[in-house]
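Source file: data-v4.txt (compact mmCIF, C-alpha atoms)
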# COMPACT_ATOMS: atom_id res chain seq x y z
CA MET A 1 6.69 -28.50 155.54
CA ASN A 2 9.07 -29.71 158.18
CA ILE A 3 11.24 -32.37 156.53
CA LEU A 4 13.44 -34.90 158.32
CA VAL A 5 16.42 -36.08 156.23
CA THR A 6 18.28 -39.11 157.60
CA GLY A 7 21.80 -40.18 156.66
CA ALA A 8 22.83 -36.54 156.32
CA ASN A 9 26.57 -37.25 156.60
CA GLY A 10 26.56 -39.59 153.59
CA GLN A 11 27.03 -38.82 149.91
CA LEU A 12 23.35 -38.26 149.17
CA GLY A 13 22.63 -36.64 152.52
CA ASN A 14 25.35 -34.07 151.92
CA GLU A 15 23.98 -33.32 148.45
CA MET A 16 20.53 -32.86 150.01
CA ARG A 17 22.01 -30.36 152.45
CA VAL A 18 23.64 -28.40 149.63
CA LEU A 19 20.53 -28.38 147.45
CA SER A 20 18.17 -27.50 150.31
CA ALA A 21 19.50 -23.94 150.15
CA GLN A 22 17.71 -23.64 146.78
CA HIS A 23 14.43 -24.85 148.31
CA PRO A 24 13.84 -22.46 151.23
CA LYS A 25 10.06 -22.89 151.31
CA HIS A 26 10.54 -25.91 153.60
CA HIS A 27 12.38 -26.39 156.89
CA TYR A 28 14.84 -29.27 157.12
CA PHE A 29 16.14 -31.35 160.00
CA PHE A 30 19.28 -33.19 158.93
CA THR A 31 20.18 -36.20 161.08
CA ASP A 32 22.69 -39.04 161.28
CA VAL A 33 24.10 -41.42 163.88
CA VAL A 34 27.06 -39.05 164.34
CA ALA A 35 26.71 -35.32 164.87
CA SER A 36 28.38 -32.80 162.57
CA GLU A 37 27.83 -29.14 161.78
CA GLY A 38 24.13 -28.68 161.12
CA VAL A 39 23.38 -32.38 161.70
CA TYR A 40 21.42 -33.74 164.67
CA VAL A 41 22.05 -37.18 166.15
CA LEU A 42 19.23 -39.67 165.52
CA ASP A 43 19.29 -43.47 165.53
CA ILE A 44 16.61 -44.46 163.02
CA THR A 45 16.48 -47.98 164.45
CA ASP A 46 15.30 -46.56 167.81
CA ARG A 47 11.51 -46.34 167.57
CA LYS A 48 11.08 -44.17 170.67
CA ALA A 49 13.80 -41.73 169.59
CA VAL A 50 12.36 -41.37 166.08
CA SER A 51 8.79 -40.91 167.36
CA ALA A 52 9.95 -38.26 169.82
CA PHE A 53 11.94 -36.40 167.15
CA VAL A 54 9.00 -36.44 164.73
CA ALA A 55 6.57 -35.24 167.38
CA ASN A 56 8.81 -32.59 168.93
CA ASN A 57 9.65 -31.06 165.55
CA ALA A 58 6.22 -31.48 163.92
CA VAL A 59 7.80 -33.40 161.02
CA ASP A 60 5.59 -33.71 157.92
CA LEU A 61 7.84 -35.83 155.70
CA ILE A 62 10.80 -38.17 156.12
CA VAL A 63 13.47 -38.56 153.43
CA ASN A 64 15.53 -41.63 154.23
CA CYS A 65 19.03 -41.35 152.78
CA ALA A 66 20.52 -43.68 155.42
CA ALA A 67 21.73 -47.11 154.32
CA TYR A 68 24.22 -49.86 155.00
CA THR A 69 26.03 -49.86 151.66
CA ASN A 70 29.27 -51.83 152.18
CA VAL A 71 28.35 -54.89 150.11
CA ASP A 72 31.18 -57.18 151.18
CA LYS A 73 31.07 -56.22 154.86
CA ALA A 74 27.31 -56.74 154.88
CA GLU A 75 27.84 -60.42 154.16
CA GLU A 76 29.93 -60.69 157.34
CA ASP A 77 27.56 -58.60 159.46
CA GLU A 78 24.11 -59.25 158.09
CA ALA A 79 22.48 -58.45 161.43
CA THR A 80 23.62 -54.83 161.28
CA ALA A 81 22.71 -54.51 157.61
CA LEU A 82 19.26 -55.91 158.35
CA LYS A 83 18.79 -53.46 161.23
CA ILE A 84 19.66 -50.40 159.14
CA ASN A 85 18.31 -51.41 155.72
CA ALA A 86 15.17 -53.21 156.87
CA ASP A 87 14.13 -52.81 160.51
CA ALA A 88 14.62 -49.03 160.42
CA LEU A 89 12.13 -48.81 157.55
CA SER A 90 9.41 -50.22 159.78
CA VAL A 91 10.26 -47.53 162.32
CA LEU A 92 10.22 -44.71 159.78
CA GLY A 93 7.09 -45.96 158.06
CA SER A 94 5.11 -46.20 161.30
CA GLN A 95 5.22 -42.48 162.11
CA GLY A 96 1.95 -41.67 160.35
CA ILE A 97 3.59 -39.33 157.84
CA ARG A 98 4.84 -39.63 154.25
CA VAL A 99 8.21 -41.17 153.51
CA ILE A 100 10.63 -40.98 150.58
CA HIS A 101 13.05 -43.90 150.74
CA ILE A 102 16.18 -44.44 148.63
CA SER A 103 16.68 -48.06 147.63
CA THR A 104 19.02 -49.89 145.27
CA ASP A 105 19.31 -51.92 142.08
CA TYR A 106 20.58 -54.81 144.23
CA VAL A 107 16.98 -55.74 145.05
CA PHE A 108 16.90 -57.39 141.60
CA SER A 109 20.01 -59.53 141.96
CA GLY A 110 18.55 -62.12 144.31
CA GLU A 111 22.04 -62.53 145.73
CA GLY A 112 23.96 -60.87 148.52
CA CYS A 113 22.97 -59.37 151.83
CA ILE A 114 22.49 -55.81 150.55
CA GLY A 115 19.88 -56.96 148.06
CA ARG A 116 18.04 -59.05 150.64
CA THR A 117 17.99 -56.42 153.36
CA LYS A 118 17.08 -53.51 151.06
CA TYR A 119 14.22 -55.50 149.52
CA GLU A 120 13.01 -56.47 152.98
CA GLY A 121 13.16 -52.79 153.91
CA GLU A 122 10.97 -51.87 150.95
CA LYS A 123 8.36 -54.42 152.02
CA LEU A 124 8.39 -53.29 155.65
CA LEU A 125 8.05 -49.64 154.65
CA LEU A 126 5.12 -50.25 152.31
CA ALA A 127 3.37 -52.38 154.95
CA GLU A 128 3.48 -49.44 157.36
CA CYS A 129 3.22 -46.60 154.84
CA PRO A 130 1.49 -47.70 151.60
CA ASP A 131 1.70 -44.22 150.08
CA ALA A 132 5.49 -44.01 150.41
CA VAL A 133 7.78 -43.09 147.51
CA ILE A 134 10.65 -45.51 146.88
CA LEU A 135 13.45 -44.40 144.58
CA ARG A 136 15.76 -47.19 143.45
CA THR A 137 19.16 -46.04 142.24
CA ALA A 138 22.56 -47.46 141.31
CA TRP A 139 26.29 -46.71 141.03
CA LEU A 140 26.10 -43.63 143.24
CA TYR A 141 29.03 -41.21 143.54
CA SER A 142 29.60 -37.66 144.73
CA SER A 143 32.21 -35.08 145.61
CA PHE A 144 31.45 -36.11 149.21
CA GLY A 145 32.59 -39.27 150.95
CA ASN A 146 34.34 -42.31 149.56
CA ASN A 147 33.23 -43.67 146.20
CA PHE A 148 34.34 -45.23 142.93
CA VAL A 149 35.20 -41.92 141.25
CA LYS A 150 37.58 -40.85 144.02
CA THR A 151 39.12 -44.31 144.21
CA MET A 152 39.84 -44.39 140.46
CA ILE A 153 41.39 -40.92 140.60
CA ARG A 154 43.63 -41.99 143.49
CA LEU A 155 44.64 -45.27 141.82
CA GLY A 156 45.18 -43.47 138.52
CA HIS A 157 47.76 -41.23 140.17
CA ASP A 158 49.36 -44.03 142.21
CA LYS A 159 49.57 -46.89 139.71
CA ASP A 160 51.05 -47.45 136.26
CA SER A 161 48.32 -49.93 135.30
CA LEU A 162 44.88 -50.84 136.54
CA GLY A 163 42.44 -53.65 135.75
CA VAL A 164 38.73 -52.74 135.81
CA VAL A 165 35.80 -55.04 135.05
CA PHE A 166 34.07 -54.53 131.70
CA ASP A 167 31.31 -57.17 131.94
CA GLN A 168 29.20 -55.34 134.54
CA ILE A 169 26.90 -52.81 132.88
CA GLY A 170 24.94 -50.05 134.58
CA THR A 171 24.57 -46.30 134.90
CA PRO A 172 26.71 -44.06 137.12
CA THR A 173 24.50 -41.74 139.17
CA TYR A 174 25.68 -38.38 140.45
CA ALA A 175 24.24 -38.00 143.95
CA ALA A 176 23.51 -34.33 143.28
CA ASP A 177 21.16 -35.40 140.48
CA LEU A 178 19.48 -37.94 142.75
CA ALA A 179 19.01 -35.17 145.33
CA TRP A 180 17.41 -33.07 142.58
CA ALA A 181 15.06 -35.97 141.86
CA ILE A 182 14.07 -36.13 145.52
CA PHE A 183 13.26 -32.42 145.59
CA THR A 184 11.28 -32.93 142.39
CA VAL A 185 9.10 -35.46 144.24
CA ILE A 186 8.80 -33.23 147.31
CA GLU A 187 7.72 -30.14 145.40
CA TYR A 188 5.51 -31.76 142.76
CA HIS A 189 2.01 -30.29 142.88
CA VAL A 190 0.47 -33.60 144.00
CA TRP A 191 1.87 -36.54 145.96
CA ARG A 192 2.65 -39.48 143.65
CA PRO A 193 3.37 -42.57 145.77
CA GLY A 194 4.96 -45.65 144.25
CA ILE A 195 8.22 -47.36 143.34
CA TYR A 196 10.39 -45.47 140.85
CA HIS A 197 13.84 -45.91 139.35
CA PHE A 198 16.30 -43.06 139.11
CA THR A 199 19.81 -43.00 137.72
CA ASN A 200 21.44 -40.72 135.23
CA GLU A 201 20.80 -41.52 131.55
CA GLY A 202 23.00 -43.76 129.41
CA VAL A 203 24.88 -46.99 130.12
CA CYS A 204 28.49 -48.05 130.52
CA SER A 205 30.75 -50.61 132.17
CA TRP A 206 32.98 -49.91 135.16
CA TYR A 207 35.87 -49.98 132.66
CA ASP A 208 34.25 -47.29 130.47
CA PHE A 209 33.43 -45.26 133.57
CA THR A 210 37.06 -45.40 134.68
CA LEU A 211 38.32 -44.25 131.28
CA ALA A 212 35.97 -41.24 131.44
CA ILE A 213 37.10 -40.41 134.98
CA HIS A 214 40.77 -40.53 134.02
CA GLU A 215 40.21 -38.45 130.90
CA LEU A 216 38.43 -35.70 132.85
CA ALA A 217 41.06 -35.85 135.60
CA GLY A 218 43.87 -35.53 133.07
CA ILE A 219 45.38 -38.88 134.09
CA THR A 220 47.42 -40.26 131.20
CA ARG A 221 50.21 -42.30 132.80
CA CYS A 222 48.02 -45.11 134.18
CA GLN A 223 47.03 -47.77 131.64
CA VAL A 224 43.52 -49.09 132.30
CA HIS A 225 42.87 -52.69 131.17
CA PRO A 226 39.46 -54.38 130.86
CA ILE A 227 39.08 -57.55 132.94
CA LEU A 228 36.31 -60.08 133.56
CA SER A 229 34.43 -60.11 136.86
CA GLU A 230 35.84 -63.57 137.58
CA GLU A 231 39.34 -62.08 137.46
CA TYR A 232 38.45 -59.67 140.28
CA GLN A 233 38.19 -61.30 143.68
CA TYR A 234 34.74 -60.15 144.81
CA LYS A 235 33.57 -61.48 148.17
CA THR A 236 29.99 -60.94 147.00
CA PRO A 237 28.66 -61.42 143.44
CA ARG A 238 27.63 -58.23 141.62
CA PRO A 239 24.84 -58.07 139.03
CA HIS A 240 26.21 -58.12 135.47
CA TYR A 241 23.41 -55.92 134.14
CA SER A 242 21.76 -53.30 136.35
CA VAL A 243 20.41 -50.68 133.97
CA LEU A 244 17.22 -49.29 135.52
CA ASP A 245 14.16 -48.20 133.53
CA LYS A 246 13.46 -44.56 134.44
CA SER A 247 10.46 -44.04 132.17
CA LYS A 248 7.93 -44.08 135.03
CA PHE A 249 9.76 -41.33 136.91
CA LYS A 250 10.18 -39.19 133.80
CA LYS A 251 6.55 -39.58 132.74
CA THR A 252 5.08 -39.04 136.21
CA PHE A 253 7.09 -35.92 137.06
CA GLY A 254 7.58 -34.57 133.54
CA VAL A 255 11.36 -34.22 133.70
CA ASP A 256 14.43 -34.93 131.61
CA ILE A 257 17.37 -36.62 133.31
CA PRO A 258 21.02 -35.64 132.63
CA HIS A 259 23.36 -38.14 130.96
CA TRP A 260 25.92 -39.76 133.24
CA MET A 261 28.79 -37.99 131.47
CA ASP A 262 27.16 -34.64 132.21
CA GLY A 263 26.87 -35.54 135.89
CA LEU A 264 30.46 -36.77 135.98
CA ARG A 265 31.76 -33.54 134.44
CA ARG A 266 29.99 -31.47 137.08
CA CYS A 267 31.30 -33.66 139.89
CA MET A 268 34.85 -33.59 138.51
CA THR A 269 34.71 -29.81 138.31
CA LEU A 270 34.00 -29.71 142.05
CA LEU A 271 36.71 -32.26 142.81
CA SER A 272 39.27 -30.29 140.80
CA LYS A 273 38.73 -27.35 143.12
Mind converting the file's structure to structure tokens?
Amino acid sequence: MNILVTGANGQLGNEMRVLSAQHPKHHYFFTDVVASEGVYVLDITDRKAVSAFVANNAVDLIVNCAAYTNVDKAEEDEATALKINADALSVLGSQGIRVIHISTDYVFSGEGCIGRTKYEGEKLLLAECPDAVILRTAWLYSSFGNNFVKTMIRLGHDKDSLGVVFDQIGTPTYAADLAWAIFTVIEYHVWRPGIYHFTNEGVCSWYDFTLAIHELAGITRCQVHPILSEEYQYKTPRPHYSVLDKSKFKKTFGVDIPHWMDGLRRCMTLLSK
């Protein structure tokens, strides 16, 4: 197949590029709004540009890794978030080919622009492409880009103490494992459309996650203190409990999913290099 991967410069897109080397049976076109080595420029909100790219490259499948993910900024610029997280899904879904779309746990919160626009995107995609695959994920991090893991490592080296919320519970997800899940869907012997959840296994708070990051990074000087969400000045409310049920994905595709600590160890090994 010829596979179009959007958002190729992001955390997940980069992991897709790395893992694609292990899946040479298909040909991949990696795109983003900004060009980089091996990445074509494509604005997924531009219907004519997307249709031309799909036609000119005989694309069989679209994997949408693009998203507007800055939660607080999205509240200030909902129009842009809506364009990327929702309107673009109508464009991608209308190409007459299969789509794998990465969504978020925020669709359950009922609060905040990210949740609204991502949920709207899911609806628009399914209206155009009923046999799409939607993978909802949460707490994504990687050795690429900016993310919570890198921020906690930096703060751990720079500060003597750090307050991290302990009353928000979820599952950290290594983007490399999410990329593996996407390739699992792509290469399964039959197409299984539907909405699935995928994170790593296990649960923790942001406080627990930070302690694990610091331990693996060898950071001992910084004292990490648990704080309540109300003590942290969020512009946008975060869900207190966002543990996703992955049983449908595991049963459908017959796979086991690594624990979040396993994913973190692998990511930290890369970061240490």
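Checking A:Thr220, A:Thr31, A:Thr104, A:Thr45 one by one against Ser242 in chain A, counting all atoms listed in the file, you find the shortest gap at A:Thr104.
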Separation of CA of Pro172 in chain A from CA of Trp139 in chain A, in Å and rounded to one decimal: 4.7 Å
Any idea what's packed within 12 Å of Ser272 in chain A, counting only C-alpha atoms, ignoring anything in its chain fewer than 6 positions away? Could you give it as an mmCIF file with C-alpha atoms, in the coordinates of the input?
data_model
loop_
_atom_site.group_PDB
_atom_site.id
_atom_site.type_symbol
_atom_site.label_atom_id
_atom_site.label_comp_id
_atom_site.auth_asym_id
_atom_site.auth_seq_id
_atom_site.Cartn_x
_atom_site.Cartn_y
_atom_site.Cartn_z
ATOM 1 C CA SER A 143 32.210 -35.080 145.610
ATOM 2 C CA LYS A 150 37.580 -40.850 144.020
ATOM 3 C CA ILE A 153 41.390 -40.920 140.600
ATOM 4 C CA ILE A 213 37.100 -40.410 134.980
ATOM 5 C CA LEU A 216 38.430 -35.700 132.850
ATOM 6 C CA ALA A 217 41.060 -35.850 135.600
ATOM 7 C CA GLY A 218 43.870 -35.530 133.070
ATOM 8 C CA LEU A 264 30.460 -36.770 135.980
ATOM 9 C CA ARG A 265 31.760 -33.540 134.440
ATOM 10 C CA ARG A 266 29.990 -31.470 137.080
#
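Minimum atom-to-atom distance to Asp60 in chain A, evaluated using only C-alpha atoms, belongs to A:Ile186 out of A:Val34, A:Leu135, A:Leu82, A:Ile186.
Nearest to Glu187 in chain A of all the residues A:Gly13, A:Gly263, A:Gly38, A:Pro24 is A:Pro24, based on only C-alpha atoms.
A straight line drawn from CA of Cys204 in chain A to CA of Ala138 in chain A is 12.3 Å long.
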For Leu61 in chain A: contacts at 10 Å, all atoms listed in the file, fewer than 5 positions along chain excluded, given as a JSON list (two decimals) with C-alpha atoms, in the coordinates of the input:
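Saved file result02.json follows:
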[["chain", "number", "residue", "atom", "x", "y", "z"],
["A", 1, "MET", "CA", 6.69, -28.50, 155.54],
["A", 2, "ASN", "CA", 9.07, -29.71, 158.18],
["A", 3, "ILE", "CA", 11.24, -32.37, 156.53],
["A", 4, "LEU", "CA", 13.44, -34.90, 158.32],
["A", 5, "VAL", "CA", 16.42, -36.08, 156.23],
["A", 28, "TYR", "CA", 14.84, -29.27, 157.12],
["A", 54, "VAL", "CA", 9.00, -36.44, 164.73],
["A", 95, "GLN", "CA", 5.22, -42.48, 162.11],
["A", 96, "GLY", "CA", 1.95, -41.67, 160.35],
["A", 97, "ILE", "CA", 3.59, -39.33, 157.84],
["A", 98, "ARG", "CA", 4.84, -39.63, 154.25],
["A", 99, "VAL", "CA", 8.21, -41.17, 153.51],
["A", 100, "ILE", "CA", 10.63, -40.98, 150.58],
["A", 186, "ILE", "CA", 8.80, -33.23, 147.31]]
